[in-house]
Amino acid sequence: MTRVAAIDCGTNSIRLLVADVDPDAGTLVDLDRRMEVVRLGQGVDRTGRIAPEALARTLDAARRYADVCDGLGVEAVRFVATSASRDAENRADFVDGVRSLLGVEPEVVGGEEEAALSFRGATGVLAATHPGPFLVVDLGGGSTELVLGTSAPEAAYSMDVGCVRLTERHLRSDPPTADEVAGARADVAAALDVAAGVVPLGKAVTLVGLAGSVTTVTAHALGLDRYRPERIDGAVLSVDTVLAACDDLLGRTREERAALGFMHPGRIDVIGAGALVWHDVVTRVRDEVAAAGGTLTEVVTSEHDILDGIAWSAVPA
């Protein structure tokens, strides 16, 4: 048994998982799992740089996470950074700050490794209850990873579309206008066209959605009055139910979204774009499966994601 810390720093949020991992027994037991919305990717799509205030917010959170790791006696830490820091010209400032706080080199991973970590985290739990091949979709703030496989990834692709990126690029009105929605949908469609040439979407038997936009849509589809991970994790919803929940969130005003009891304050401004991406991904996968002679009627949501994959990989060899 090894006590590890996994940190996932994305475009919108930074998350920590401290867990006891036993690779021989195949068990991962949570000790502490938390998330803060720091919006590291604020303005990166437009400027190509991490904003000073975004860097400060992120390093403040990393400092708190370092204290948690010290208090729990963590033996190994792996810090993985994704889309925003991958795109930023000044990512060295971010890397240096994290190294000084946590004593480890943050890894700015590429899209394919990000997808593989998400796949391992999600399917480690679902493989016992759902058939493969799995199409795992990790919908983040700056990018969305698609990875197909049964026991291991067989094809993966990282699309440069996510809830923060599309909000900043297109969805500026409250609620967004039809033209804004059309512009965002054009970006998603173009990205999916490329992704479909790399990942055979039509081979999916179980479609699995990960990360905050997907879990928030799921909470809405379930009619929850507060965020309840025990209800969200493993939830199986019909495709039609998911699409309706996405459409409803996209069409709401900011005030209406903020009034939803399950809505994290840091997602209020970006969940419309997240819902749009998830709607269009689910629709495209359903259509590709049908074109291949199959039927996709359900979607699975998982609270186990890249964090779990990072934790598994953090155990020293």
# chains A, B, ... in the order shown; residues from 1 in each chain; ligands from 1
>>> residues_around(residues="Thr295 of chain A", least_positions_apart="4", cutoff="10 Å", atoms="only C-alpha atoms", output="VMD selection string")
chain A and resid 202 204 to 205 286 to 291
>>> residues_around(residues="Ala258 of chain A", least_positions_apart="3", cutoff="12 Å", atoms="only C-alpha atoms", output="PyMOL selection string")
chain A and resi 249+252-255+261-272
>>> write_last_selection(atoms="C-alpha atoms", output="PDB file, in the first residue's frame")
ATOM      1  CA  LEU A 249     -28.663  24.654 -19.325  1.00  0.00           C
ATOM      2  CA  ARG A 252     -30.720  29.606 -19.215  1.00  0.00           C
ATOM      3  CA  THR A 253     -29.560  33.012 -17.996  1.00  0.00           C
ATOM      4  CA  ARG A 254     -26.659  33.353 -15.605  1.00  0.00           C
ATOM      5  CA  GLU A 255     -29.074  34.146 -12.768  1.00  0.00           C
ATOM      6  CA  GLY A 261     -28.561  24.034  -5.956  1.00  0.00           C
ATOM      7  CA  PHE A 262     -26.019  21.661  -7.512  1.00  0.00           C
ATOM      8  CA  MET A 263     -24.174  24.379  -9.463  1.00  0.00           C
ATOM      9  CA  HIS A 264     -20.610  25.106  -8.333  1.00  0.00           C
ATOM     10  CA  PRO A 265     -20.065  28.903  -8.345  1.00  0.00           C
ATOM     11  CA  GLY A 266     -17.029  28.479 -10.574  1.00  0.00           C
ATOM     12  CA  ARG A 267     -19.082  26.753 -13.282  1.00  0.00           C
ATOM     13  CA  ILE A 268     -21.937  29.255 -13.553  1.00  0.00           C
ATOM     14  CA  ASP A 269     -20.300  31.244 -16.356  1.00  0.00           C
ATOM     15  CA  VAL A 270     -19.013  28.291 -18.389  1.00  0.00           C
ATOM     16  CA  ILE A 271     -21.561  25.489 -17.994  1.00  0.00           C
ATOM     17  CA  GLY A 272     -23.522  26.667 -21.046  1.00  0.00           C
TER      18      GLY A 272
END
>>> closest_residue(among="A:Val147, A:Ala235, A:Leu210, A:Cys246", to="Gly274 of chain A", atoms="only C-alpha atoms")
A:Cys246
>>> closest_residue(among="A:Asp240, A:Leu146, A:Ser100, A:Gly124", to="Pro23 of chain A", atoms="only C-alpha atoms")
A:Gly124
>>> decode(residues="segment 235-246 of chain A", atoms="all heavy atoms", output="compact mmCIF listing (two decimals), in the first residue's frame")
# COMPACT_ATOMS: atom_id res chain seq x y z
N ALA A 235 -24.10 7.07 -12.85
CA ALA A 235 -25.46 7.29 -13.35
C ALA A 235 -25.56 6.90 -14.82
O ALA A 235 -24.68 7.21 -15.62
CB ALA A 235 -25.85 8.75 -13.17
N VAL A 236 -26.64 6.21 -15.15
CA VAL A 236 -26.91 5.81 -16.53
C VAL A 236 -28.16 6.54 -16.99
O VAL A 236 -29.24 6.36 -16.42
CB VAL A 236 -27.11 4.28 -16.65
CG1 VAL A 236 -27.41 3.90 -18.10
CG2 VAL A 236 -25.89 3.53 -16.14
N LEU A 237 -28.02 7.39 -18.00
CA LEU A 237 -29.12 8.21 -18.50
C LEU A 237 -29.34 7.93 -19.97
O LEU A 237 -28.40 7.63 -20.71
CB LEU A 237 -28.80 9.70 -18.31
CG LEU A 237 -28.60 10.19 -16.89
CD1 LEU A 237 -28.04 11.61 -16.90
CD2 LEU A 237 -29.89 10.14 -16.09
N SER A 238 -30.58 8.07 -20.41
CA SER A 238 -30.86 7.93 -21.83
C SER A 238 -30.23 9.08 -22.59
O SER A 238 -30.04 10.18 -22.06
CB SER A 238 -32.35 7.88 -22.09
OG SER A 238 -32.93 9.17 -21.91
N VAL A 239 -29.90 8.83 -23.84
CA VAL A 239 -29.34 9.88 -24.68
C VAL A 239 -30.29 11.07 -24.75
O VAL A 239 -29.86 12.23 -24.62
CB VAL A 239 -29.05 9.33 -26.09
CG1 VAL A 239 -28.77 10.47 -27.07
CG2 VAL A 239 -27.86 8.37 -26.07
N ASP A 240 -31.57 10.82 -24.90
CA ASP A 240 -32.54 11.92 -25.00
C ASP A 240 -32.56 12.76 -23.74
O ASP A 240 -32.70 13.99 -23.80
CB ASP A 240 -33.94 11.36 -25.29
CG ASP A 240 -34.07 10.82 -26.71
OD1 ASP A 240 -33.19 11.14 -27.55
OD2 ASP A 240 -35.03 10.08 -26.98
N THR A 241 -32.46 12.12 -22.58
CA THR A 241 -32.45 12.84 -21.30
C THR A 241 -31.23 13.74 -21.20
O THR A 241 -31.32 14.90 -20.77
CB THR A 241 -32.48 11.86 -20.13
OG1 THR A 241 -33.69 11.09 -20.18
CG2 THR A 241 -32.41 12.59 -18.79
N VAL A 242 -30.08 13.24 -21.61
CA VAL A 242 -28.84 14.03 -21.58
C VAL A 242 -28.94 15.23 -22.51
O VAL A 242 -28.62 16.36 -22.12
CB VAL A 242 -27.63 13.16 -21.96
CG1 VAL A 242 -26.38 14.01 -22.12
CG2 VAL A 242 -27.39 12.08 -20.92
N LEU A 243 -29.42 15.01 -23.72
CA LEU A 243 -29.51 16.11 -24.68
C LEU A 243 -30.47 17.19 -24.20
O LEU A 243 -30.21 18.39 -24.36
CB LEU A 243 -29.95 15.57 -26.05
CG LEU A 243 -29.00 14.56 -26.71
CD1 LEU A 243 -29.52 14.18 -28.09
CD2 LEU A 243 -27.58 15.09 -26.80
N ALA A 244 -31.58 16.78 -23.59
CA ALA A 244 -32.55 17.76 -23.09
C ALA A 244 -31.95 18.58 -21.95
O ALA A 244 -32.17 19.81 -21.88
CB ALA A 244 -33.81 17.04 -22.62
N ALA A 245 -31.21 17.94 -21.06
CA ALA A 245 -30.58 18.66 -19.96
C ALA A 245 -29.54 19.65 -20.48
O ALA A 245 -29.42 20.78 -19.98
CB ALA A 245 -29.94 17.68 -18.98
N CYS A 246 -28.78 19.25 -21.49
CA CYS A 246 -27.80 20.16 -22.10
C CYS A 246 -28.47 21.38 -22.71
O CYS A 246 -28.04 22.52 -22.49
CB CYS A 246 -27.01 19.42 -23.17
SG CYS A 246 -25.87 18.16 -22.57
